[in-house]
file data-v3.cif (mmCIF, C-alpha atoms)
data_data
#
loop_
_atom_site.group_PDB
_atom_site.id
_atom_site.type_symbol
_atom_site.label_atom_id
_atom_site.label_comp_id
_atom_site.auth_asym_id
_atom_site.auth_seq_id
_atom_site.Cartn_x
_atom_site.Cartn_y
_atom_site.Cartn_z
ATOM 1 C CA MET A 1 149.049 -211.587 -178.402
ATOM 2 C CA GLU A 2 149.781 -209.364 -175.417
ATOM 3 C CA LYS A 3 147.256 -208.083 -172.937
ATOM 4 C CA THR A 4 147.651 -204.960 -170.827
ATOM 5 C CA ASN A 5 144.974 -205.628 -168.206
ATOM 6 C CA LYS A 6 144.017 -208.685 -166.179
ATOM 7 C CA TYR A 7 140.415 -207.568 -165.675
ATOM 8 C CA ALA A 8 137.633 -206.008 -167.723
ATOM 9 C CA VAL A 9 133.966 -205.133 -167.266
ATOM 10 C CA ILE A 10 131.856 -205.259 -170.404
ATOM 11 C CA SER A 11 128.393 -203.974 -171.213
ATOM 12 C CA LEU A 12 127.018 -207.175 -172.800
ATOM 13 C CA SER A 13 123.749 -206.357 -174.519
ATOM 14 C CA GLY A 14 123.427 -209.756 -176.183
ATOM 15 C CA GLY A 15 123.914 -208.147 -179.585
ATOM 16 C CA MET A 16 126.528 -209.007 -182.178
ATOM 17 C CA ASP A 17 128.927 -206.180 -181.321
ATOM 18 C CA SER A 18 129.264 -206.622 -177.562
ATOM 19 C CA SER A 19 129.221 -210.420 -177.926
ATOM 20 C CA THR A 20 132.195 -210.253 -180.282
ATOM 21 C CA LEU A 21 133.944 -207.906 -177.877
ATOM 22 C CA LEU A 22 133.396 -210.473 -175.132
ATOM 23 C CA LEU A 23 135.222 -213.032 -177.290
ATOM 24 C CA ASN A 24 137.965 -210.479 -177.967
ATOM 25 C CA LEU A 25 138.606 -210.026 -174.247
ATOM 26 C CA LEU A 26 138.375 -213.719 -173.384
ATOM 27 C CA SER A 27 140.772 -214.596 -176.203
ATOM 28 C CA GLN A 28 143.346 -212.397 -174.468
ATOM 29 C CA GLY A 29 142.999 -214.377 -171.248
ATOM 30 C CA ILE A 30 141.317 -211.475 -169.463
ATOM 31 C CA GLU A 31 138.950 -212.112 -166.566
ATOM 32 C CA VAL A 32 135.657 -210.569 -167.670
ATOM 33 C CA THR A 33 132.649 -209.428 -165.687
ATOM 34 C CA ALA A 34 129.781 -209.041 -168.168
ATOM 35 C CA LEU A 35 126.809 -206.855 -167.246
ATOM 36 C CA SER A 36 123.526 -206.960 -169.156
ATOM 37 C CA PHE A 37 120.745 -204.478 -168.451
ATOM 38 C CA ASP A 38 117.012 -205.083 -168.344
ATOM 39 C CA TYR A 39 115.586 -201.587 -168.769
ATOM 40 C CA GLY A 40 112.220 -202.624 -170.176
ATOM 41 C CA GLN A 41 113.393 -203.027 -173.775
ATOM 42 C CA LYS A 42 110.981 -204.650 -176.214
ATOM 43 C CA HIS A 43 113.773 -206.882 -177.505
ATOM 44 C CA ARG A 44 114.341 -208.506 -174.121
ATOM 45 C CA VAL A 45 115.324 -211.706 -175.924
ATOM 46 C CA GLU A 46 118.806 -210.164 -176.109
ATOM 47 C CA LEU A 47 119.177 -210.851 -172.383
ATOM 48 C CA GLU A 48 118.465 -214.538 -172.929
ATOM 49 C CA ARG A 49 121.043 -214.614 -175.718
ATOM 50 C CA ALA A 50 123.684 -212.956 -173.533
ATOM 51 C CA LYS A 51 123.130 -215.596 -170.850
ATOM 52 C CA GLU A 52 123.197 -218.438 -173.392
ATOM 53 C CA LEU A 53 126.409 -217.171 -174.984
ATOM 54 C CA SER A 54 128.163 -216.819 -171.634
ATOM 55 C CA GLN A 55 127.201 -220.372 -170.728
ATOM 56 C CA TYR A 56 128.264 -221.729 -174.128
ATOM 57 C CA VAL A 57 131.690 -220.081 -174.063
ATOM 58 C CA ASN A 58 132.340 -221.119 -170.474
ATOM 59 C CA ALA A 59 131.502 -224.731 -171.327
ATOM 60 C CA ASN A 60 133.359 -224.978 -174.646
ATOM 61 C CA ALA A 61 136.369 -222.651 -174.708
ATOM 62 C CA LYS A 62 139.853 -224.180 -174.612
ATOM 63 C CA THR A 63 141.480 -224.197 -171.182
ATOM 64 C CA ILE A 64 144.839 -223.043 -172.568
ATOM 65 C CA LEU A 65 144.501 -220.444 -175.335
ATOM 66 C CA TYR A 66 148.167 -220.112 -176.251
ATOM 67 C CA LYS A 67 151.550 -219.999 -174.498
ATOM 68 C CA ASN A 68 151.176 -219.039 -170.835
ATOM 69 C CA VAL A 69 147.630 -217.696 -171.378
ATOM 70 C CA ASN A 70 144.684 -219.535 -169.821
ATOM 71 C CA PHE A 71 140.971 -219.050 -170.440
ATOM 72 C CA LYS A 72 139.098 -217.284 -167.628
ATOM 73 C CA PRO A 73 135.349 -218.049 -167.438
ATOM 74 C CA VAL A 74 133.107 -215.033 -167.914
ATOM 75 C CA LYS A 75 131.082 -213.825 -164.924
ATOM 76 C CA HIS A 76 127.699 -212.721 -166.275
ATOM 77 C CA ARG A 77 125.112 -210.686 -164.377
ATOM 78 C CA ILE A 78 121.780 -209.189 -165.452
ATOM 79 C CA ILE A 79 121.031 -205.827 -163.825
ATOM 80 C CA THR A 80 117.298 -205.058 -163.618
ATOM 81 C CA LEU A 81 116.302 -201.398 -163.710
ATOM 82 C CA GLY A 82 112.735 -201.904 -162.561
ATOM 83 C CA GLY A 83 110.201 -199.147 -163.171
ATOM 84 C CA LEU A 84 112.392 -197.201 -165.599
ATOM 85 C CA SER A 85 110.780 -197.992 -168.945
ATOM 86 C CA SER A 86 107.498 -196.200 -168.192
ATOM 87 C CA LEU A 87 109.476 -192.996 -167.616
ATOM 88 C CA LEU A 88 111.415 -193.160 -170.902
ATOM 89 C CA ASN A 89 110.403 -191.819 -174.310
ATOM 90 C CA SER A 90 111.750 -194.236 -176.904
ATOM 91 C CA SER A 91 110.406 -196.700 -179.445
ATOM 92 C CA LEU A 92 112.703 -199.378 -178.000
ATOM 93 C CA VAL A 93 110.988 -199.669 -174.611
ATOM 94 C CA GLU A 94 107.679 -201.265 -173.632
ATOM 95 C CA GLY A 95 104.854 -198.789 -174.162
ATOM 96 C CA GLY A 96 106.812 -196.802 -176.739
ATOM 97 C CA SER A 97 105.872 -196.203 -180.367
ATOM 98 C CA ASP A 98 106.516 -198.802 -183.070
ATOM 99 C CA VAL A 99 110.177 -199.395 -183.886
ATOM 100 C CA PRO A 100 110.851 -197.747 -187.272
ATOM 101 C CA GLU A 101 111.961 -199.836 -190.236
ATOM 102 C CA GLY A 102 114.495 -199.135 -192.974
ATOM 103 C CA HIS A 103 118.048 -197.821 -193.074
ATOM 104 C CA TYR A 104 119.940 -195.975 -190.332
ATOM 105 C CA ALA A 105 120.236 -193.022 -192.720
ATOM 106 C CA ASN A 106 116.512 -192.354 -192.270
ATOM 107 C CA GLU A 107 115.647 -189.435 -189.987
ATOM 108 C CA ASN A 108 113.059 -191.464 -188.061
ATOM 109 C CA MET A 109 115.791 -193.761 -186.713
ATOM 110 C CA LYS A 110 116.338 -191.196 -183.958
ATOM 111 C CA GLU A 111 113.182 -192.676 -182.432
ATOM 112 C CA THR A 112 115.340 -195.654 -181.399
ATOM 113 C CA VAL A 113 117.435 -193.473 -179.085
ATOM 114 C CA VAL A 114 116.837 -194.242 -175.406
ATOM 115 C CA PRO A 115 117.536 -190.991 -173.503
ATOM 116 C CA ASN A 116 120.843 -191.145 -171.626
ATOM 117 C CA ARG A 117 120.899 -194.957 -171.846
ATOM 118 C CA ASN A 118 124.650 -195.365 -172.111
ATOM 119 C CA LYS A 119 125.231 -192.867 -169.286
ATOM 120 C CA ILE A 120 122.893 -194.850 -167.046
ATOM 121 C CA PHE A 121 124.704 -198.059 -167.924
ATOM 122 C CA SER A 122 128.179 -196.533 -167.655
ATOM 123 C CA SER A 123 127.587 -195.266 -164.107
ATOM 124 C CA ILE A 124 126.880 -198.818 -162.943
ATOM 125 C CA ILE A 125 129.696 -200.317 -165.011
ATOM 126 C CA GLN A 126 132.154 -197.742 -163.651
ATOM 127 C CA ALA A 127 131.151 -198.575 -160.084
ATOM 128 C CA VAL A 128 131.726 -202.290 -160.683
ATOM 129 C CA ALA A 129 135.011 -201.715 -162.518
ATOM 130 C CA LEU A 130 136.374 -199.473 -159.768
ATOM 131 C CA SER A 131 135.349 -201.999 -157.118
ATOM 132 C CA ILE A 132 137.292 -204.720 -158.950
ATOM 133 C CA ALA A 133 140.285 -202.409 -159.388
ATOM 134 C CA ASN A 134 140.394 -201.558 -155.692
ATOM 135 C CA ARG A 135 139.807 -205.146 -154.593
ATOM 136 C CA TYR A 136 142.712 -206.535 -156.618
ATOM 137 C CA HIS A 137 144.838 -203.384 -156.870
ATOM 138 C CA GLU A 138 144.885 -203.719 -160.654
ATOM 139 C CA ASN A 139 143.952 -201.582 -163.650
ATOM 140 C CA VAL A 140 140.597 -202.483 -165.209
ATOM 141 C CA TRP A 141 139.167 -201.918 -168.657
ATOM 142 C CA ILE A 142 135.593 -200.873 -169.313
ATOM 143 C CA ALA A 143 134.935 -202.584 -172.643
ATOM 144 C CA LEU A 144 132.292 -201.240 -175.028
ATOM 145 C CA GLY A 145 131.310 -202.657 -178.419
ATOM 146 C CA ILE A 146 130.418 -199.316 -179.992
ATOM 147 C CA HIS A 147 131.366 -198.899 -183.653
ATOM 148 C CA ALA A 148 131.447 -196.239 -186.358
ATOM 149 C CA GLY A 149 127.907 -196.945 -187.542
ATOM 150 C CA ASP A 150 126.487 -195.921 -184.159
ATOM 151 C CA HIS A 151 127.852 -192.393 -184.061
ATOM 152 C CA SER A 152 125.440 -190.376 -186.196
ATOM 153 C CA ILE A 153 122.296 -191.715 -184.532
ATOM 154 C CA TYR A 154 123.529 -192.267 -180.986
ATOM 155 C CA PRO A 155 125.499 -189.320 -179.518
ATOM 156 C CA ASP A 156 126.369 -191.361 -176.421
ATOM 157 C CA CYS A 157 128.388 -193.729 -178.634
ATOM 158 C CA ARG A 158 130.773 -190.982 -179.747
ATOM 159 C CA GLN A 159 134.293 -190.602 -178.425
ATOM 160 C CA GLU A 160 133.522 -187.043 -177.269
ATOM 161 C CA PHE A 161 130.864 -188.436 -174.932
ATOM 162 C CA ARG A 162 133.203 -191.133 -173.670
ATOM 163 C CA ASP A 163 135.940 -188.595 -172.917
ATOM 164 C CA ALA A 164 133.534 -186.336 -171.015
ATOM 165 C CA ASP A 165 132.032 -189.285 -169.154
ATOM 166 C CA LEU A 166 135.449 -190.563 -168.112
ATOM 167 C CA LYS A 167 136.459 -187.097 -166.871
ATOM 168 C CA ALA A 168 133.313 -186.847 -164.733
ATOM 169 C CA PHE A 169 133.981 -190.322 -163.323
ATOM 170 C CA GLN A 170 137.560 -189.403 -162.487
ATOM 171 C CA GLU A 171 136.476 -186.168 -160.802
ATOM 172 C CA GLY A 172 133.958 -188.003 -158.643
ATOM 173 C CA ASN A 173 135.951 -191.013 -157.465
ATOM 174 C CA TRP A 174 139.196 -191.862 -155.682
ATOM 175 C CA ASP A 175 141.577 -194.155 -157.599
ATOM 176 C CA ALA A 176 139.606 -193.684 -160.820
ATOM 177 C CA GLU A 177 142.865 -193.540 -162.769
ATOM 178 C CA ARG A 178 142.868 -197.336 -162.565
ATOM 179 C CA ILE A 179 139.945 -197.395 -165.016
ATOM 180 C CA SER A 180 140.181 -196.851 -168.790
ATOM 181 C CA PHE A 181 138.006 -197.581 -171.811
ATOM 182 C CA TYR A 182 138.628 -200.385 -174.300
ATOM 183 C CA THR A 183 136.742 -199.666 -177.542
ATOM 184 C CA PRO A 184 138.540 -201.532 -180.353
ATOM 185 C CA TYR A 185 135.647 -201.188 -182.822
ATOM 186 C CA LEU A 186 135.094 -197.447 -182.448
ATOM 187 C CA GLU A 187 136.248 -196.670 -186.000
ATOM 188 C CA GLY A 188 135.173 -199.992 -187.518
ATOM 189 C CA SER A 189 132.014 -201.428 -189.084
ATOM 190 C CA LYS A 190 129.899 -204.466 -188.263
ATOM 191 C CA PHE A 191 131.814 -206.305 -190.970
ATOM 192 C CA ASP A 192 135.087 -205.520 -189.193
ATOM 193 C CA ILE A 193 133.553 -206.814 -185.982
ATOM 194 C CA LEU A 194 132.639 -210.128 -187.623
ATOM 195 C CA LEU A 195 136.165 -210.482 -188.986
ATOM 196 C CA ASP A 196 137.480 -210.120 -185.448
ATOM 197 C CA GLY A 197 134.859 -212.602 -184.291
ATOM 198 C CA GLU A 198 136.183 -215.241 -186.669
ATOM 199 C CA LYS A 199 139.706 -214.807 -185.303
ATOM 200 C CA CYS A 200 138.574 -214.889 -181.685
ATOM 201 C CA CYS A 201 136.484 -218.024 -182.212
ATOM 202 C CA ASP A 202 139.572 -219.724 -183.590
ATOM 203 C CA VAL A 203 141.686 -218.695 -180.573
ATOM 204 C CA LEU A 204 139.024 -219.807 -178.096
ATOM 205 C CA GLY A 205 138.246 -223.029 -179.934
ATOM 206 C CA VAL A 206 134.516 -222.287 -180.189
ATOM 207 C CA LYS A 207 132.295 -222.567 -183.250
ATOM 208 C CA PHE A 208 131.417 -219.348 -185.082
ATOM 209 C CA ASP A 209 127.815 -220.348 -185.837
ATOM 210 C CA GLU A 210 127.227 -221.555 -182.278
ATOM 211 C CA VAL A 211 128.400 -218.183 -180.991
ATOM 212 C CA TYR A 212 126.422 -215.944 -183.323
ATOM 213 C CA LYS A 213 123.172 -217.874 -183.141
ATOM 214 C CA ARG A 214 123.309 -216.908 -179.477
ATOM 215 C CA THR A 215 123.167 -213.186 -180.294
ATOM 216 C CA ASN A 216 120.300 -210.832 -181.118
ATOM 217 C CA THR A 217 120.615 -207.619 -183.103
ATOM 218 C CA SER A 218 116.941 -207.242 -183.994
ATOM 219 C CA TYR A 219 114.987 -204.390 -182.407
ATOM 220 C CA LYS A 220 111.759 -206.088 -183.589
ATOM 221 C CA PRO A 221 112.181 -209.789 -182.784
ATOM 222 C CA ILE A 222 109.285 -211.988 -183.840
ATOM 223 C CA LEU A 223 107.909 -214.825 -181.726
ATOM 224 C CA VAL A 224 107.208 -217.764 -184.020
ATOM 225 C CA LYS A 225 104.935 -220.534 -182.743
ATOM 226 C CA TYR A 226 105.068 -224.005 -184.242
ATOM 227 C CA LYS A 227 102.280 -226.565 -184.294
ATOM 228 C CA GLU A 228 104.594 -229.466 -185.102
ATOM 229 C CA PRO A 229 108.331 -230.089 -185.473
ATOM 230 C CA LEU A 230 109.932 -228.724 -188.621
ATOM 231 C CA ASN A 231 112.490 -231.543 -188.532
ATOM 232 C CA HIS A 232 113.455 -234.513 -186.419
ATOM 233 C CA THR A 233 116.854 -233.313 -185.228
ATOM 234 C CA GLY A 234 116.837 -232.130 -181.649
ATOM 235 C CA PRO A 235 114.000 -231.348 -179.220
ATOM 236 C CA PHE A 236 110.775 -229.761 -180.463
ATOM 237 C CA LEU A 237 110.405 -226.104 -179.486
ATOM 238 C CA PRO A 238 106.767 -224.936 -179.619
ATOM 239 C CA GLU A 239 107.929 -221.333 -180.011
ATOM 240 C CA GLU A 240 111.110 -219.339 -180.504
ATOM 241 C CA TRP A 241 112.233 -215.786 -181.058
ATOM 242 C CA CYS A 242 113.447 -214.975 -184.565
ATOM 243 C CA SER A 243 115.099 -211.833 -185.896
ATOM 244 C CA ASP A 244 113.309 -209.428 -188.190
ATOM 245 C CA TYR A 245 115.035 -208.173 -191.341
ATOM 246 C CA LYS A 246 113.375 -204.753 -191.598
ATOM 247 C CA SER A 247 114.632 -202.748 -188.610
ATOM 248 C CA ALA A 248 117.809 -200.744 -189.211
ATOM 249 C CA ALA A 249 119.918 -202.776 -186.800
ATOM 250 C CA SER A 250 118.935 -205.987 -188.600
ATOM 251 C CA VAL A 251 119.644 -204.485 -192.023
ATOM 252 C CA GLU A 252 123.122 -203.531 -190.849
ATOM 253 C CA ARG A 253 123.741 -207.020 -189.434
ATOM 254 C CA VAL A 254 122.561 -208.801 -192.567
ATOM 255 C CA GLU A 255 124.758 -206.560 -194.707
ATOM 256 C CA ALA A 256 127.785 -207.483 -192.568
ATOM 257 C CA PHE A 257 127.157 -211.221 -192.957
ATOM 258 C CA MET A 258 126.672 -210.772 -196.689
ATOM 259 C CA ARG A 259 130.063 -209.047 -196.926
ATOM 260 C CA LEU A 260 131.578 -211.844 -194.865
ATOM 261 C CA GLY A 261 130.239 -214.378 -197.364
ATOM 262 C CA ARG A 262 128.512 -216.651 -194.898
ATOM 263 C CA PRO A 263 124.853 -216.990 -193.806
ATOM 264 C CA ASP A 264 123.762 -215.596 -190.467
ATOM 265 C CA PRO A 265 123.098 -218.531 -188.102
ATOM 266 C CA VAL A 266 120.166 -216.778 -186.401
ATOM 267 C CA LYS A 267 116.680 -217.523 -187.701
ATOM 268 C CA TYR A 268 114.667 -214.805 -189.440
ATOM 269 C CA ALA A 269 110.936 -214.265 -189.749
ATOM 270 C CA ASP A 270 108.286 -211.721 -190.646
ATOM 271 C CA GLU A 271 104.538 -211.448 -190.051
ATOM 272 C CA SER A 272 103.936 -214.514 -192.244
ATOM 273 C CA GLY A 273 106.373 -216.738 -190.345
ATOM 274 C CA PRO A 274 109.947 -218.007 -190.832
ATOM 275 C CA VAL A 275 111.813 -216.890 -193.955
ATOM 276 C CA THR A 276 114.975 -218.145 -195.649
ATOM 277 C CA TRP A 277 118.366 -216.464 -195.611
ATOM 278 C CA GLU A 278 118.099 -216.007 -199.377
ATOM 279 C CA PHE A 279 114.812 -214.134 -198.944
ATOM 280 C CA VAL A 280 116.320 -211.978 -196.191
ATOM 281 C CA THR A 281 119.328 -210.975 -198.301
ATOM 282 C CA ASP A 282 117.084 -210.095 -201.266
ATOM 283 C CA GLN A 283 115.006 -207.792 -199.079
ATOM 284 C CA VAL A 284 118.045 -206.136 -197.514
ATOM 285 C CA LEU A 285 119.653 -205.581 -200.920
ATOM 286 C CA LYS A 286 116.558 -203.602 -201.918
ATOM 287 C CA VAL A 287 116.872 -201.403 -198.822
ATOM 288 C CA LEU A 288 120.574 -200.832 -199.461
ATOM 289 C CA ALA A 289 119.939 -199.949 -203.096
ATOM 290 C CA GLU A 290 117.610 -197.143 -201.984
ATOM 291 C CA HIS A 291 120.403 -195.544 -199.944
ATOM 292 C CA LYS A 292 123.358 -195.645 -202.313
#

call {"tool": "encode", "arguments": {"input": "data-v3.cif", "output": "structure tokens"}}
result
Amino acid sequence: MEKTNKYAVISLSGGMDSSTLLLNLLSQGIEVTALSFDYGQKHRVELERAKELSQYVNANAKTILYKNVNFKPVKHRIITLGGLSSLLNSSLVEGGSDVPEGHYANENMKETVVPNRNKIFSSIIQAVALSIANRYHENVWIALGIHAGDHSIYPDCRQEFRDADLKAFQEGNWDAERISFYTPYLEGSKFDILLDGEKCCDVLGVKFDEVYKRTNTSYKPILVKYKEPLNHTGPFLPEEWCSDYKSAASVERVEAFMRLGRPDPVKYADESGPVTWEFVTDQVLKVLAEHK
């Protein structure tokens, strides 16, 4: 496995896609700076998951990945964009309308668009990437976990946007030619991303379930509160965030795990409380059947 860059900056949302991309980069022995953004999203649990995953990988990855390639610990930072959410019109931010449920093919899924979100993020990521490039006199990747399923709903996930954004960055900065995009999943699906995740976990020597239980794809996470322990293994947690199975992002994630043939290690719930993986897959199959 050959790498072309020593350094990369990744937009790490805490979701399944960017988390897998983090593994992809680390498995190549690349030194990664991971940036997560707190922009007032309702699903802020994704920031906790991004932090937990970074800590887990740093503590458990093999020191030597393969011949002459060593593991480089990820440098994770959370960037807080205070005061922004009240100015944005989107169902995903605090104060916005309810997050729609169903399939991404539904017209109302456009309500989950956060205006210019990826452009806001990319400006900061570009600044960090260029700073690293100039500090070490090396080329740097900007790594993004966007995939084919994003394109129809989110225009700022399309290659045309990326090309235009890169051109503007190059016009506005010296030495910008040192920066390029790394988007290996652009034409793939969430299933393809999970397949890559399995391979990367093997290279890094980390456990697949331990990785993916530290991710959040749900736009409507549910806080479940417990009165007593459900089992006697491990410490008792009085409350925890669980994924929903009704929002479009969750439907897409569940479908990917179903295709992979293994249960999703994250916990799921609805208004009544925790639900089983079997129940989740039954509900998602009904949604998928409506959109064949």

call {"tool": "closest_residue", "arguments": {"input": "data-v3.cif", "among": "A:Pro274, A:Pro184, A:Pro155, A:Pro265", "to": "A:Lys110", "atoms": "only C-alpha atoms"}}
result
A:Pro155

call {"tool": "resolve_selection", "arguments": {"input": "data-v3.cif", "expression": "the PyMOL selection byres ((chain A and resi 199-210) around 12)", "output": "PDB file with C-alpha atoms, in the frame of the given file"}}
result
ATOM      1  CA  MET A   1     149.049-211.587-178.402  1.00  0.00           C
ATOM      2  CA  MET A  16     126.528-209.007-182.178  1.00  0.00           C
ATOM      3  CA  SER A  19     129.221-210.420-177.926  1.00  0.00           C
ATOM      4  CA  THR A  20     132.195-210.253-180.282  1.00  0.00           C
ATOM      5  CA  LEU A  21     133.944-207.906-177.877  1.00  0.00           C
ATOM      6  CA  LEU A  22     133.396-210.473-175.132  1.00  0.00           C
ATOM      7  CA  LEU A  23     135.222-213.032-177.290  1.00  0.00           C
ATOM      8  CA  ASN A  24     137.965-210.479-177.967  1.00  0.00           C
ATOM      9  CA  LEU A  25     138.606-210.026-174.247  1.00  0.00           C
ATOM     10  CA  LEU A  26     138.375-213.719-173.384  1.00  0.00           C
ATOM     11  CA  SER A  27     140.772-214.596-176.203  1.00  0.00           C
ATOM     12  CA  GLN A  28     143.346-212.397-174.468  1.00  0.00           C
ATOM     13  CA  GLY A  29     142.999-214.377-171.248  1.00  0.00           C
ATOM     14  CA  ARG A  49     121.043-214.614-175.718  1.00  0.00           C
ATOM     15  CA  GLU A  52     123.197-218.438-173.392  1.00  0.00           C
ATOM     16  CA  LEU A  53     126.409-217.171-174.984  1.00  0.00           C
ATOM     17  CA  SER A  54     128.163-216.819-171.634  1.00  0.00           C
ATOM     18  CA  GLN A  55     127.201-220.372-170.728  1.00  0.00           C
ATOM     19  CA  TYR A  56     128.264-221.729-174.128  1.00  0.00           C
ATOM     20  CA  VAL A  57     131.690-220.081-174.063  1.00  0.00           C
ATOM     21  CA  ASN A  58     132.340-221.119-170.474  1.00  0.00           C
ATOM     22  CA  ALA A  59     131.502-224.731-171.327  1.00  0.00           C
ATOM     23  CA  ASN A  60     133.359-224.978-174.646  1.00  0.00           C
ATOM     24  CA  ALA A  61     136.369-222.651-174.708  1.00  0.00           C
ATOM     25  CA  LYS A  62     139.853-224.180-174.612  1.00  0.00           C
ATOM     26  CA  THR A  63     141.480-224.197-171.182  1.00  0.00           C
ATOM     27  CA  ILE A  64     144.839-223.043-172.568  1.00  0.00           C
ATOM     28  CA  LEU A  65     144.501-220.444-175.335  1.00  0.00           C
ATOM     29  CA  TYR A  66     148.167-220.112-176.251  1.00  0.00           C
ATOM     30  CA  LYS A  67     151.550-219.999-174.498  1.00  0.00           C
ATOM     31  CA  VAL A  69     147.630-217.696-171.378  1.00  0.00           C
ATOM     32  CA  ASN A  70     144.684-219.535-169.821  1.00  0.00           C
ATOM     33  CA  PHE A  71     140.971-219.050-170.440  1.00  0.00           C
ATOM     34  CA  LYS A  72     139.098-217.284-167.628  1.00  0.00           C
ATOM     35  CA  PRO A  73     135.349-218.049-167.438  1.00  0.00           C
ATOM     36  CA  ASP A 192     135.087-205.520-189.193  1.00  0.00           C
ATOM     37  CA  ILE A 193     133.553-206.814-185.982  1.00  0.00           C
ATOM     38  CA  LEU A 194     132.639-210.128-187.623  1.00  0.00           C
ATOM     39  CA  LEU A 195     136.165-210.482-188.986  1.00  0.00           C
ATOM     40  CA  ASP A 196     137.480-210.120-185.448  1.00  0.00           C
ATOM     41  CA  GLY A 197     134.859-212.602-184.291  1.00  0.00           C
ATOM     42  CA  GLU A 198     136.183-215.241-186.669  1.00  0.00           C
ATOM     43  CA  VAL A 211     128.400-218.183-180.991  1.00  0.00           C
ATOM     44  CA  TYR A 212     126.422-215.944-183.323  1.00  0.00           C
ATOM     45  CA  LYS A 213     123.172-217.874-183.141  1.00  0.00           C
ATOM     46  CA  ARG A 214     123.309-216.908-179.477  1.00  0.00           C
ATOM     47  CA  THR A 215     123.167-213.186-180.294  1.00  0.00           C
ATOM     48  CA  PHE A 257     127.157-211.221-192.957  1.00  0.00           C
ATOM     49  CA  ARG A 262     128.512-216.651-194.898  1.00  0.00           C
ATOM     50  CA  PRO A 263     124.853-216.990-193.806  1.00  0.00           C
ATOM     51  CA  ASP A 264     123.762-215.596-190.467  1.00  0.00           C
ATOM     52  CA  PRO A 265     123.098-218.531-188.102  1.00  0.00           C
ATOM     53  CA  VAL A 266     120.166-216.778-186.401  1.00  0.00           C
ATOM     54  CA  LYS A 267     116.680-217.523-187.701  1.00  0.00           C
TER      55      LYS A 267
END

call {"tool": "residues_around", "arguments": {"input": "data-v3.cif", "residues": "stretch 137-141 of chain A", "least_positions_apart": "4", "cutoff": "7 Å", "atoms": "only C-alpha atoms", "output": "ChimeraX atom specification"}}
result
/A:5,7-9,129,133,178-182

call {"tool": "write_last_selection", "arguments": {"input": "data-v3.cif", "atoms": "C-alpha atoms", "output": "CSV table (one decimal), keeping the file's coordinate frame"}}
result
chain,number,residue,atom,x,y,z
A,5,ASN,CA,145.0,-205.6,-168.2
A,7,TYR,CA,140.4,-207.6,-165.7
A,8,ALA,CA,137.6,-206.0,-167.7
A,9,VAL,CA,134.0,-205.1,-167.3
A,129,ALA,CA,135.0,-201.7,-162.5
A,133,ALA,CA,140.3,-202.4,-159.4
A,178,ARG,CA,142.9,-197.3,-162.6
A,179,ILE,CA,139.9,-197.4,-165.0
A,180,SER,CA,140.2,-196.9,-168.8
A,181,PHE,CA,138.0,-197.6,-171.8
A,182,TYR,CA,138.6,-200.4,-174.3

call {"tool": "atom_distance", "arguments": {"input": "data-v3.cif", "atom1": "atom CA of A:Leu88", "atom2": "atom CA of A:Lys246"}}
result
23.8 Å

call {"tool": "closest_residue", "arguments": {"input": "data-v3.cif", "among": "A:Asp175, A:Glu31, A:Glu111, A:Glu48", "to": "A:Glu240", "atoms": "only C-alpha atoms"}}
result
A:Glu48

call {"tool": "atom_distance", "arguments": {"input": "data-v3.cif", "atom1": "atom CA of A:Tyr268", "atom2": "atom CA of A:Val280"}}
result
7.5 Å

call {"tool": "residues_around", "arguments": {"input": "data-v3.cif", "residues": "stretch 75-79 of chain A", "least_positions_apart": "3", "cutoff": "7 Å", "atoms": "all atoms listed in the file", "output": "list in words"}}
result
Val32, Thr33, Ala34, Leu35, Ser36, Phe37, Asp38 and Ser54 of chain A

call {"tool": "write_last_selection", "arguments": {"input": "data-v3.cif", "atoms": "C-alpha atoms", "output": "mmCIF file, in the frame of the given file"}}
result
data_model
loop_
_atom_site.group_PDB
_atom_site.id
_atom_site.type_symbol
_atom_site.label_atom_id
_atom_site.label_comp_id
_atom_site.auth_asym_id
_atom_site.auth_seq_id
_atom_site.Cartn_x
_atom_site.Cartn_y
_atom_site.Cartn_z
ATOM 1 C CA VAL A 32 135.657 -210.569 -167.670
ATOM 2 C CA THR A 33 132.649 -209.428 -165.687
ATOM 3 C CA ALA A 34 129.781 -209.041 -168.168
ATOM 4 C CA LEU A 35 126.809 -206.855 -167.246
ATOM 5 C CA SER A 36 123.526 -206.960 -169.156
ATOM 6 C CA PHE A 37 120.745 -204.478 -168.451
ATOM 7 C CA ASP A 38 117.012 -205.083 -168.344
ATOM 8 C CA SER A 54 128.163 -216.819 -171.634
#
